[in-house]
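Raw data_4.cif, mmCIF, C-alpha atoms and all ligand atoms:
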```
data_target
loop_
_atom_site.label_atom_id
_atom_site.label_comp_id
_atom_site.auth_asym_id
_atom_site.auth_seq_id
_atom_site.Cartn_x
_atom_site.Cartn_y
_atom_site.Cartn_z
CA MET A 1 26.01 15.55 88.33
CA LEU A 2 23.95 18.75 88.46
CA MET A 3 21.47 19.14 85.60
CA PRO A 4 20.69 22.77 84.53
CA ARG A 5 17.18 23.72 85.58
CA ALA A 6 14.85 24.12 82.62
CA GLY A 7 13.23 27.59 82.32
CA PRO A 8 9.48 28.03 82.53
CA THR A 9 7.54 26.43 79.68
CA PRO A 10 5.05 28.50 77.64
CA ASP A 11 2.25 26.87 79.64
CA ASP A 12 3.96 27.90 82.90
CA MET A 13 4.14 31.51 81.70
CA VAL A 14 0.48 31.56 80.69
CA ALA A 15 -0.50 30.07 84.06
CA ALA A 16 1.62 32.67 85.88
CA MET A 17 0.05 35.57 83.95
CA ARG A 18 -3.47 34.25 84.54
CA GLY A 19 -2.70 33.85 88.24
CA HIS A 20 -1.36 37.39 88.42
CA VAL A 21 -4.54 38.80 86.85
CA ARG A 22 -6.82 36.71 89.07
CA ALA A 23 -4.98 37.72 92.21
CA ASP A 24 -4.30 41.39 91.54
CA ALA A 25 -6.45 42.93 88.81
CA GLN A 26 -9.65 44.77 89.59
CA ASP A 27 -12.69 45.54 87.46
CA LYS A 28 -11.89 49.19 86.97
CA PRO A 29 -11.20 51.25 83.84
CA GLY A 30 -7.59 51.08 82.76
CA VAL A 31 -4.92 50.44 80.17
CA TYR A 32 -2.96 47.19 79.99
CA ARG A 33 0.05 46.03 78.07
CA TRP A 34 1.38 42.61 77.18
CA LEU A 35 5.16 42.23 77.27
CA SER A 36 7.32 39.67 75.52
CA PRO A 37 10.13 37.81 77.39
CA ASP A 38 12.64 40.38 76.12
CA GLY A 39 10.54 43.31 77.33
CA GLU A 40 8.96 44.34 74.00
CA VAL A 41 5.47 45.77 74.37
CA VAL A 42 3.53 43.50 72.02
CA TYR A 43 0.01 44.81 72.61
CA ILE A 44 -1.71 47.68 74.41
CA GLY A 45 -5.41 47.73 75.16
CA LYS A 46 -7.94 49.51 77.31
CA SER A 47 -11.06 48.41 79.07
CA LYS A 48 -13.81 49.65 81.34
CA ARG A 49 -13.17 46.48 83.39
CA VAL A 50 -9.51 45.53 83.26
CA ARG A 51 -9.77 42.25 85.17
CA SER A 52 -12.63 40.78 83.10
CA ARG A 53 -11.02 41.92 79.87
CA LEU A 54 -7.65 40.40 80.69
CA LEU A 55 -9.17 37.09 81.80
CA SER A 56 -11.07 36.89 78.50
CA TYR A 57 -7.74 36.63 76.64
CA PHE A 58 -7.07 33.29 78.31
CA ARG A 59 -10.35 31.88 76.95
CA CYS A 60 -9.59 32.74 73.30
CA GLU A 61 -9.50 29.98 70.70
CA PRO A 62 -5.91 29.24 69.54
CA GLU A 63 -6.41 30.91 66.13
CA GLU A 64 -7.84 34.12 67.63
CA LYS A 65 -5.74 37.26 67.95
CA GLY A 66 -6.12 37.25 71.74
CA ALA A 67 -4.51 33.80 71.96
CA ARG A 68 -1.65 34.89 69.70
CA ILE A 69 -0.99 37.85 72.00
CA VAL A 70 -0.98 35.59 75.05
CA ARG A 71 1.49 33.22 73.32
CA ALA A 72 3.81 36.13 72.43
CA ALA A 73 3.81 37.50 75.98
CA SER A 74 5.38 36.54 79.27
CA ALA A 75 4.09 39.36 81.45
CA ILE A 76 1.16 41.79 81.75
CA GLU A 77 1.14 45.25 83.27
CA TRP A 78 -1.83 47.53 83.78
CA GLU A 79 -2.65 50.89 85.24
CA TYR A 80 -6.05 52.15 86.24
CA GLN A 81 -7.59 55.28 84.83
CA PRO A 82 -10.45 57.35 86.24
CA SER A 83 -12.82 56.59 83.34
CA GLU A 84 -13.19 54.80 80.02
CA PHE A 85 -12.53 58.09 78.22
CA ALA A 86 -9.32 58.62 80.17
CA ALA A 87 -8.29 55.05 79.39
CA LEU A 88 -8.97 55.58 75.68
CA LEU A 89 -6.79 58.69 75.57
CA HIS A 90 -4.03 57.04 77.56
CA GLU A 91 -4.16 53.95 75.33
CA LEU A 92 -3.74 56.13 72.23
CA ARG A 93 -0.72 57.90 73.68
CA MET A 94 0.87 54.63 74.75
CA ILE A 95 0.29 53.03 71.36
CA LYS A 96 1.91 56.01 69.66
CA ARG A 97 4.84 55.73 72.01
CA PHE A 98 5.46 51.98 71.82
CA ARG A 99 3.94 51.07 68.42
CA PRO A 100 3.15 47.48 69.48
CA ARG A 101 3.07 44.96 66.66
CA TYR A 102 -0.42 43.64 67.47
CA ASN A 103 -2.13 47.03 67.64
CA VAL A 104 -4.18 47.78 64.58
CA GLN A 105 -7.32 49.12 66.21
CA LEU A 106 -6.68 52.72 65.24
CA LYS A 107 -8.13 51.76 61.88
CA ARG A 108 -11.46 51.30 63.63
CA ASP A 109 -11.66 54.99 64.47
CA ALA A 110 -10.47 56.03 61.07
CA ARG A 111 -13.15 54.38 58.99
CA HIS A 112 -15.64 57.28 58.99
CA TYR A 113 -13.21 59.91 57.83
CA SER A 114 -10.72 60.45 55.10
CA PHE A 115 -7.96 62.96 54.60
CA ILE A 116 -6.31 64.46 51.58
CA LYS A 117 -2.63 63.86 51.75
CA VAL A 118 -0.12 65.84 49.72
CA THR A 119 2.81 63.48 49.23
CA ARG A 120 6.47 64.44 49.42
CA GLY A 121 9.17 64.08 46.78
CA PRO A 122 9.40 65.52 43.29
CA ALA A 123 6.02 66.41 41.75
CA PRO A 124 3.93 65.72 44.89
CA LYS A 125 0.43 64.42 44.34
CA LEU A 126 -2.87 64.50 46.20
CA LEU A 127 -4.09 61.24 47.68
CA VAL A 128 -7.26 60.37 49.57
CA VAL A 129 -6.33 58.34 52.66
CA ARG A 130 -8.00 57.12 55.83
CA GLY A 131 -6.25 58.18 59.02
CA ALA A 132 -2.65 59.25 59.21
CA GLY A 133 -1.34 55.91 57.93
CA SER A 134 2.40 55.65 57.83
CA GLU A 135 4.26 58.57 59.26
CA ASP A 136 6.28 59.24 56.13
CA GLY A 137 5.63 62.94 56.24
CA GLY A 138 3.39 64.70 53.78
CA THR A 139 0.74 67.27 54.52
CA TYR A 140 -2.79 66.35 55.53
CA PHE A 141 -6.08 68.19 55.01
CA GLY A 142 -9.39 67.17 56.49
CA PRO A 143 -11.03 65.26 57.93
CA TYR A 144 -13.66 64.75 55.26
CA MET A 145 -16.71 62.54 55.22
CA GLY A 146 -17.49 60.36 52.22
CA ALA A 147 -14.29 58.92 50.80
CA TYR A 148 -15.85 58.35 47.38
CA ARG A 149 -17.14 61.90 46.92
CA ILE A 150 -13.92 63.41 48.20
CA GLY A 151 -12.00 61.17 45.78
CA GLU A 152 -14.09 62.53 42.90
CA ALA A 153 -13.51 66.11 44.01
CA VAL A 154 -9.75 65.53 44.27
CA ARG A 155 -9.72 64.09 40.75
CA GLU A 156 -11.38 67.27 39.52
CA LEU A 157 -8.98 69.46 41.43
CA ASN A 158 -6.04 67.58 39.87
CA ASP A 159 -7.53 68.09 36.42
CA VAL A 160 -8.18 71.79 36.92
CA LEU A 161 -4.70 72.47 38.31
CA GLY A 162 -2.85 70.04 36.04
CA LEU A 163 -1.44 67.92 38.87
CA ARG A 164 -0.45 64.33 38.38
CA ASP A 165 -2.44 61.43 39.77
CA CYS A 166 -0.36 58.49 38.58
CA ALA A 167 1.57 55.95 40.66
CA GLN A 168 4.01 57.33 43.17
CA ASP A 169 6.95 55.55 41.50
CA VAL A 170 6.46 57.16 38.05
CA LYS A 171 9.80 58.77 37.17
CA ILE A 172 9.67 62.56 37.14
CA HIS A 173 11.62 64.61 34.57
CA PHE A 174 11.05 68.33 34.79
CA SER A 175 11.97 70.44 31.77
CA ASP A 176 14.56 72.32 33.82
CA GLN A 177 16.54 69.19 34.68
CA GLN A 178 20.02 69.17 33.14
CA GLU A 179 20.07 65.54 32.13
CA LEU A 180 17.10 66.10 29.84
CA PHE A 181 19.45 67.22 27.09
CA GLN A 182 20.11 63.56 26.46
CA LEU A 183 16.43 62.62 26.36
CA ALA A 184 14.73 62.17 23.03
CA PRO A 185 11.24 63.74 22.83
CA ARG A 186 8.63 61.23 23.84
CA THR A 187 5.10 61.07 25.14
CA PRO A 188 4.19 59.62 28.50
CA GLY A 189 1.50 57.42 26.99
CA CYS A 190 -0.87 59.04 29.42
CA ILE A 191 -4.21 60.38 28.31
CA ARG A 192 -4.23 63.07 30.98
CA TYR A 193 -1.24 64.73 29.38
CA GLU A 194 -2.73 64.40 25.90
CA VAL A 195 -5.98 66.11 26.98
CA LYS A 196 -4.06 68.75 28.99
CA LYS A 197 -5.27 67.62 32.39
CA CYS A 198 -1.73 67.09 33.66
CA LEU A 199 1.26 69.36 33.17
CA GLY A 200 3.30 66.24 32.38
CA PRO A 201 6.12 66.41 34.93
CA CYS A 202 7.05 62.87 33.81
CA ILE A 203 7.81 64.02 30.28
CA ALA A 204 9.41 67.42 30.83
CA GLY A 205 6.04 68.98 30.07
CA CYS A 206 6.71 71.65 32.68
CA ALA A 207 9.47 73.09 34.82
CA SER A 208 9.56 72.22 38.49
CA ARG A 209 8.60 75.79 39.47
CA GLU A 210 5.47 75.62 37.27
CA TYR A 211 4.39 72.40 38.91
CA ASP A 212 5.18 73.81 42.37
CA ALA A 213 3.10 76.91 41.62
CA GLN A 214 0.08 74.74 40.78
CA LEU A 215 0.67 72.65 43.88
CA ALA A 216 0.77 75.82 45.99
CA LEU A 217 -2.63 76.72 44.54
CA ALA A 218 -3.93 73.30 45.60
CA HIS A 219 -2.61 73.90 49.14
CA GLN A 220 -4.26 77.29 49.36
CA PHE A 221 -7.44 75.91 47.91
CA LEU A 222 -7.63 73.05 50.39
CA GLU A 223 -6.74 75.37 53.25
CA GLY A 224 -9.86 77.29 52.32
CA THR A 225 -8.29 80.42 53.74
CA SER A 226 -7.26 82.15 50.56
CA ASP A 227 -9.04 83.22 47.41
CA GLU A 228 -5.74 83.32 45.58
CA PRO A 229 -6.33 80.17 43.47
CA LEU A 230 -9.61 81.65 42.24
CA ASP A 231 -8.12 85.14 41.80
CA ALA A 232 -5.18 83.72 39.84
CA LEU A 233 -7.53 82.05 37.39
CA ARG A 234 -9.67 85.19 37.18
CA ARG A 235 -6.60 87.25 36.29
CA LYS A 236 -5.58 84.78 33.60
CA MET A 237 -9.11 84.82 32.20
CA GLU A 238 -9.17 88.62 32.09
CA SER A 239 -5.77 88.96 30.46
CA ALA A 240 -6.72 86.36 27.83
CA SER A 241 -9.90 88.26 27.19
CA GLU A 242 -8.04 91.60 26.89
CA ALA A 243 -5.68 89.95 24.40
CA LEU A 244 -8.79 88.88 22.46
CA GLU A 245 -7.90 85.23 23.01
CA PHE A 246 -11.47 84.26 23.62
CA GLU A 247 -10.99 80.51 23.44
CA ARG A 248 -8.31 80.68 26.14
CA ALA A 249 -10.48 83.04 28.20
CA ALA A 250 -13.39 80.56 27.99
CA HIS A 251 -11.06 77.77 29.08
CA TYR A 252 -10.09 79.74 32.22
CA ARG A 253 -13.71 80.70 32.86
CA ASP A 254 -14.71 77.01 32.88
CA LYS A 255 -11.86 76.15 35.26
CA LEU A 256 -12.85 79.03 37.51
CA ARG A 257 -16.46 77.85 37.72
CA ARG A 258 -15.38 74.30 38.41
CA LEU A 259 -13.01 75.44 41.17
CA GLU A 260 -15.73 77.56 42.78
CA SER A 261 -18.07 74.62 42.90
CA LEU A 262 -15.27 72.33 44.13
CA ARG A 263 -14.55 74.73 46.97
CA GLU A 264 -18.17 74.47 48.05
CA GLN A 265 -18.00 70.71 47.77
CA PHE A 266 -14.83 70.49 49.90
CA SER A 267 -16.23 72.70 52.62
CA ARG A 268 -19.51 70.74 52.68
CA LEU A 269 -17.67 67.46 53.03
CA ARG A 270 -15.22 68.65 55.65
CA PHE A 271 -16.02 67.68 59.18
CA ALA A 272 -16.27 70.82 61.25
CA VAL A 273 -13.28 70.37 63.54
CA GLU A 274 -14.26 73.55 65.38
CA THR A 275 -17.41 71.79 66.68
CA LEU A 276 -15.05 69.79 68.88
CA SER A 277 -14.18 72.79 71.08
CA PHE A 278 -15.53 72.69 74.61
CA VAL A 279 -14.97 71.68 78.22
CA TYR A 280 -15.86 68.03 78.81
CA ARG A 281 -16.49 66.79 82.32
CA VAL A 282 -16.09 63.05 82.83
CA PRO A 283 -17.26 61.42 86.07
CA GLY A 284 -14.42 59.30 87.36
CA ASP A 285 -14.00 56.10 89.31
CA GLY A 286 -14.04 56.78 93.06
CA GLY A 287 -15.12 60.41 92.53
CA ASP A 288 -12.03 61.28 90.44
CA ASP A 289 -13.98 63.51 88.03
CA ARG A 290 -11.82 65.06 85.33
CA LEU A 291 -12.22 68.02 83.01
CA TYR A 292 -10.85 67.89 79.49
CA LEU A 293 -10.33 71.13 77.65
CA ILE A 294 -10.81 70.20 74.01
CA ARG A 295 -10.13 72.68 71.24
CA ARG A 296 -10.40 71.90 67.54
CA GLY A 297 -10.46 68.17 68.18
CA ARG A 298 -7.49 67.96 70.51
CA VAL A 299 -7.24 67.70 74.28
CA ARG A 300 -5.25 70.83 75.15
CA ALA A 301 -5.42 70.49 78.93
CA GLU A 302 -6.79 68.21 81.56
CA CYS A 303 -7.41 68.75 85.26
CA ALA A 304 -9.36 67.43 88.23
CA ALA A 305 -12.89 68.82 88.48
CA PRO A 306 -12.64 71.80 90.86
CA LYS A 307 -14.14 71.52 94.33
CA THR A 308 -13.02 74.71 96.00
CA ARG A 309 -13.22 78.37 95.08
CA ALA A 310 -9.45 78.47 94.50
CA GLU A 311 -9.63 75.44 92.19
CA ARG A 312 -12.49 77.03 90.25
CA ALA A 313 -10.42 80.19 89.77
CA ARG A 314 -7.50 78.08 88.61
CA LEU A 315 -9.77 76.29 86.11
CA LYS A 316 -10.96 79.62 84.70
CA ALA A 317 -7.37 80.68 84.18
CA ILE A 318 -6.60 77.45 82.27
CA VAL A 319 -9.78 77.76 80.16
CA SER A 320 -8.85 81.30 79.28
CA GLU A 321 -5.30 80.26 78.38
CA VAL A 322 -6.49 77.42 76.14
CA PHE A 323 -9.37 79.08 74.32
CA THR A 324 -8.40 82.75 74.06
CA PRO A 325 -5.47 82.75 71.61
CA PRO A 326 -6.88 82.97 68.09
CA GLU A 327 -6.36 79.96 65.85
CA ARG A 328 -6.88 79.83 62.13
CA ASP A 329 -9.76 77.74 60.90
CA THR A 330 -7.73 75.70 58.50
CA ALA A 331 -8.32 72.33 56.89
CA GLN A 332 -4.64 71.50 57.32
CA VAL A 333 -4.05 69.17 60.21
CA ALA A 334 -0.71 68.10 61.69
CA THR A 335 0.02 64.40 61.25
CA HIS A 336 0.57 63.84 64.95
CA GLU A 337 -2.89 65.29 65.69
CA ILE A 338 -4.86 63.08 63.33
CA ASP A 339 -5.28 60.05 65.59
CA GLU A 340 -6.50 62.12 68.53
CA LEU A 341 -8.89 64.04 66.31
CA LEU A 342 -10.30 60.77 64.98
CA LEU A 343 -10.53 59.29 68.46
CA LEU A 344 -12.50 62.27 69.78
CA SER A 345 -14.77 62.40 66.72
CA SER A 346 -15.47 58.71 67.06
CA TRP A 347 -16.13 59.00 70.83
CA PHE A 348 -18.63 61.83 70.52
CA ARG A 349 -20.26 60.15 67.53
CA ARG A 350 -20.86 57.10 69.76
CA PHE A 351 -22.06 59.18 72.70
CA PRO A 352 -23.99 62.19 71.37
CA GLU A 353 -25.60 62.70 74.80
CA GLN A 354 -22.14 63.38 76.21
CA LEU A 355 -21.45 65.88 73.47
CA ALA A 356 -24.70 67.62 74.40
CA ALA A 357 -23.56 67.82 78.04
CA THR A 358 -20.26 69.56 77.27
CA GLU A 359 -19.85 73.20 78.26
CA ARG A 360 -18.76 76.09 76.12
CA PRO A 361 -15.64 77.86 77.43
CA ASP A 362 -17.61 81.09 77.98
CA GLU A 363 -20.13 79.18 80.14
CA VAL A 364 -17.28 77.95 82.32
CA LEU A 365 -15.77 81.42 82.49
CA GLY A 366 -19.10 83.11 83.13
CA ARG A 367 -18.21 85.75 80.54
CA PRO A 368 -17.56 85.88 76.81
CA LEU A 369 -14.10 85.01 75.58
CA PRO A 370 -12.15 87.99 74.27
CA ARG A 371 -12.04 86.27 70.87
CA SER A 372 -14.16 83.46 69.50
CA ALA A 373 -12.60 80.03 70.09
S1 LIG B 401 1.16 62.87 32.38
FE1 LIG B 401 2.78 61.79 33.45
S2 LIG B 401 2.85 62.75 35.48
FE2 LIG B 401 0.91 63.32 34.53
S3 LIG B 401 -0.53 61.80 35.28
FE3 LIG B 401 0.21 61.10 33.32
S4 LIG B 401 1.94 59.76 33.82
FE4 LIG B 401 1.52 61.00 35.61
#
```

Output the file's structure as structure tokens, nothing else.
Ligand code: SF4
Amino acid sequence: MLMPRAGPTPDDMVAAMRGHVRADAQDKPGVYRWLSPDGEVVYIGKSKRVRSRLLSYFRCEPEEKGARIVRAASAIEWEYQPSEFAALLHELRMIKRFRPRYNVQLKRDARHYSFIKVTRGPAPKLLVVRGAGSEDGGTYFGPYMGAYRIGEAVRELNDVLGLRDCAQDVKIHFSDQQELFQLAPRTPGCIRYEVKKCLGPCIAGCASREYDAQLALAHQFLEGTSDEPLDALRRKMESASEALEFERAAHYRDKLRRLESLREQFSRLRFAVETLSFVYRVPGDGGDDRLYLIRRGRVRAECAAPKTRAERARLKAIVSEVFTPPERDTAQVATHEIDELLLLSSWFRRFPEQLAATERPDEVLGRPLPRSA
């Protein structure tokens, strides 16, 4: 009688993966991924020396994360990159694409910076978060340095504009909601409403359009590109004063002063994204030098370092294309750009000498840009 052949044991699979690395991997920069028996990418990593890094997984103690990854996998794949920087960028893109269950290292890059997130849903609120977090939408401003100080400033901004800061699941009842006719008057039991620091969207203290108008002021304020929030308060102050309502006018004057000082605080705490705008040359493995055209904290283009006159002309054309179109200096940052921005900030924070060696676009072009980048 024929007995079915047993499949490979976990130990067989580990031995096969180790053998594959020993036989085929080289100590070059690259990105690797561990795959489960059903083809799921369970972990993606990068290293300056792929072979040594991969072999180190097989020496992990059983309770270590590396050993858990090895146990979950049945195959390893890797691809070489010209440099550690190239590997880092490629790793980020692959992680975003596959979202492997063992990858949590993006948090490492996020720890220096925080963002202000404007949540979605009825009566959105401002939250201080690190990194993009879950991709549940929302609008992000930043990055800012000093999570505690930015948290304090956001609290003030909420108070001045009357925005809520309670738990996300607090039920919202705007005064213009039909079903309110059945609601008996009540108080939210929240001190912020009592002391007029929140419009009270949970207790029909305001209509949705009133809340939205205040939220729009917060957006404009955080954008830092419009004086409208300050002008709006100034107008209210003046009209109260003309109506001889001096107490109300004084109330608006105090808010105005507080907002002016908050604006200064926000701009002082915001990391200057525009400082990450330059051409970065990275020496590559085997002479594969690459140029990265980085604008406002994002790699906008990448090419091989030019060697011929024609290649240099081509590079100038790309530099001009990337850096010439005007871009607003705004604190708002798209969710999908946050991780790359954090990665680049973290890289140049670690290697300031490399930041110092970057070239301005006009240096590469040999002439000033038509507009400032
Ligand atoms: S008044 Fe209501 S909406 Fe405003 S912070 Fe308090 S609980 Fe939240």

Residues up to 10 Å from ligand LIG 401 (chain B), counting only C-alpha atoms and all ligand atoms: could you list those as a PyMOL selection string? chain A and resi 123-125+158-159+162-174+187-205

I'd like to know which of A:Ala218, A:Val31, A:Val364, A:Met145 is closest to Ala86 in chain A, using only C-alpha atoms. A:Val31

Find the residues around Leu256 in chain A up to 10 Å (only C-alpha atoms counted), leave out those fewer than 6 positions away in its own chain, and share them as a list in words. Val160, Pro229, Leu230, Asp231, Ala232, Leu233, Arg234, Met237, Ala250 and Leu262 of chain A

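Closest approach to Thr9 in chain A among A:Glu64, A:Glu91, A:Arg149, A:Arg71 is made by A:Arg71 (distances from only C-alpha atoms).
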
So which residues are close to (0.7, 31.2, 79.0), meaning at most 12 Å away in the file's coordinates with only C-alpha atoms counted, and can you show them as a ChimeraX atom specification? /A:8-20,34,36-37,55,57-60,62,66-76

Can you tell me which residues surround Ala216 in chain A at a distance of at most 12 Å, considering all atoms listed in the file, apart from same-chain residues fewer than 3 positions away, and format the answer as an MDAnalysis selection string? chainID A and resid 118 123:126 161 163 209:213 219:223 226 228:229 232

Saved selection, atoms kept: C-alpha atoms, as a PDB file, in the frame of the given file:
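So selection-v9.pdb came out as:
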```pdb
ATOM      1  CA  VAL A 118      -0.120  65.840  49.720  1.00  0.00           C
ATOM      2  CA  ALA A 123       6.020  66.410  41.750  1.00  0.00           C
ATOM      3  CA  PRO A 124       3.930  65.720  44.890  1.00  0.00           C
ATOM      4  CA  LYS A 125       0.430  64.420  44.340  1.00  0.00           C
ATOM      5  CA  LEU A 126      -2.870  64.500  46.200  1.00  0.00           C
ATOM      6  CA  LEU A 161      -4.700  72.470  38.310  1.00  0.00           C
ATOM      7  CA  LEU A 163      -1.440  67.920  38.870  1.00  0.00           C
ATOM      8  CA  ARG A 209       8.600  75.790  39.470  1.00  0.00           C
ATOM      9  CA  GLU A 210       5.470  75.620  37.270  1.00  0.00           C
ATOM     10  CA  TYR A 211       4.390  72.400  38.910  1.00  0.00           C
ATOM     11  CA  ASP A 212       5.180  73.810  42.370  1.00  0.00           C
ATOM     12  CA  ALA A 213       3.100  76.910  41.620  1.00  0.00           C
ATOM     13  CA  HIS A 219      -2.610  73.900  49.140  1.00  0.00           C
ATOM     14  CA  GLN A 220      -4.260  77.290  49.360  1.00  0.00           C
ATOM     15  CA  PHE A 221      -7.440  75.910  47.910  1.00  0.00           C
ATOM     16  CA  LEU A 222      -7.630  73.050  50.390  1.00  0.00           C
ATOM     17  CA  GLU A 223      -6.740  75.370  53.250  1.00  0.00           C
ATOM     18  CA  SER A 226      -7.260  82.150  50.560  1.00  0.00           C
ATOM     19  CA  GLU A 228      -5.740  83.320  45.580  1.00  0.00           C
ATOM     20  CA  PRO A 229      -6.330  80.170  43.470  1.00  0.00           C
ATOM     21  CA  ALA A 232      -5.180  83.720  39.840  1.00  0.00           C
TER      22      ALA A 232
END
```

Could you work out an axis-aligned bounding box for all listed atoms of range 227-236 of chain A, with 3 Å added on each of the six sides, and give its centre and edge lengths in Å to one decimal, as JSON?
```
{"center_x": -7.4, "center_y": 83.7, "center_z": 40.5, "size_x": 10.5, "size_y": 13.1, "size_z": 19.8}
```

Neighbours of point (-11.4, 68.7, 54.1) within 12 Å, using only C-alpha atoms, written as a PyMOL selection string: chain A and resi 113-117+128-129+140-147+149-151+153-154+219+221-224+262-273+329-333

Interatomic distance (Å, one decimal) between CA of Glu359 in chain A and CA of Leu291 in chain A: 10.4 Å

Hey, which of A:Val282, A:Leu341, A:Ala356, A:Leu157 ends up closest to Leu215 in chain A? Count all atoms listed in the file.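 Using all atoms listed in the file, the shortest distance to Leu215 in chain A belongs to A:Leu157.
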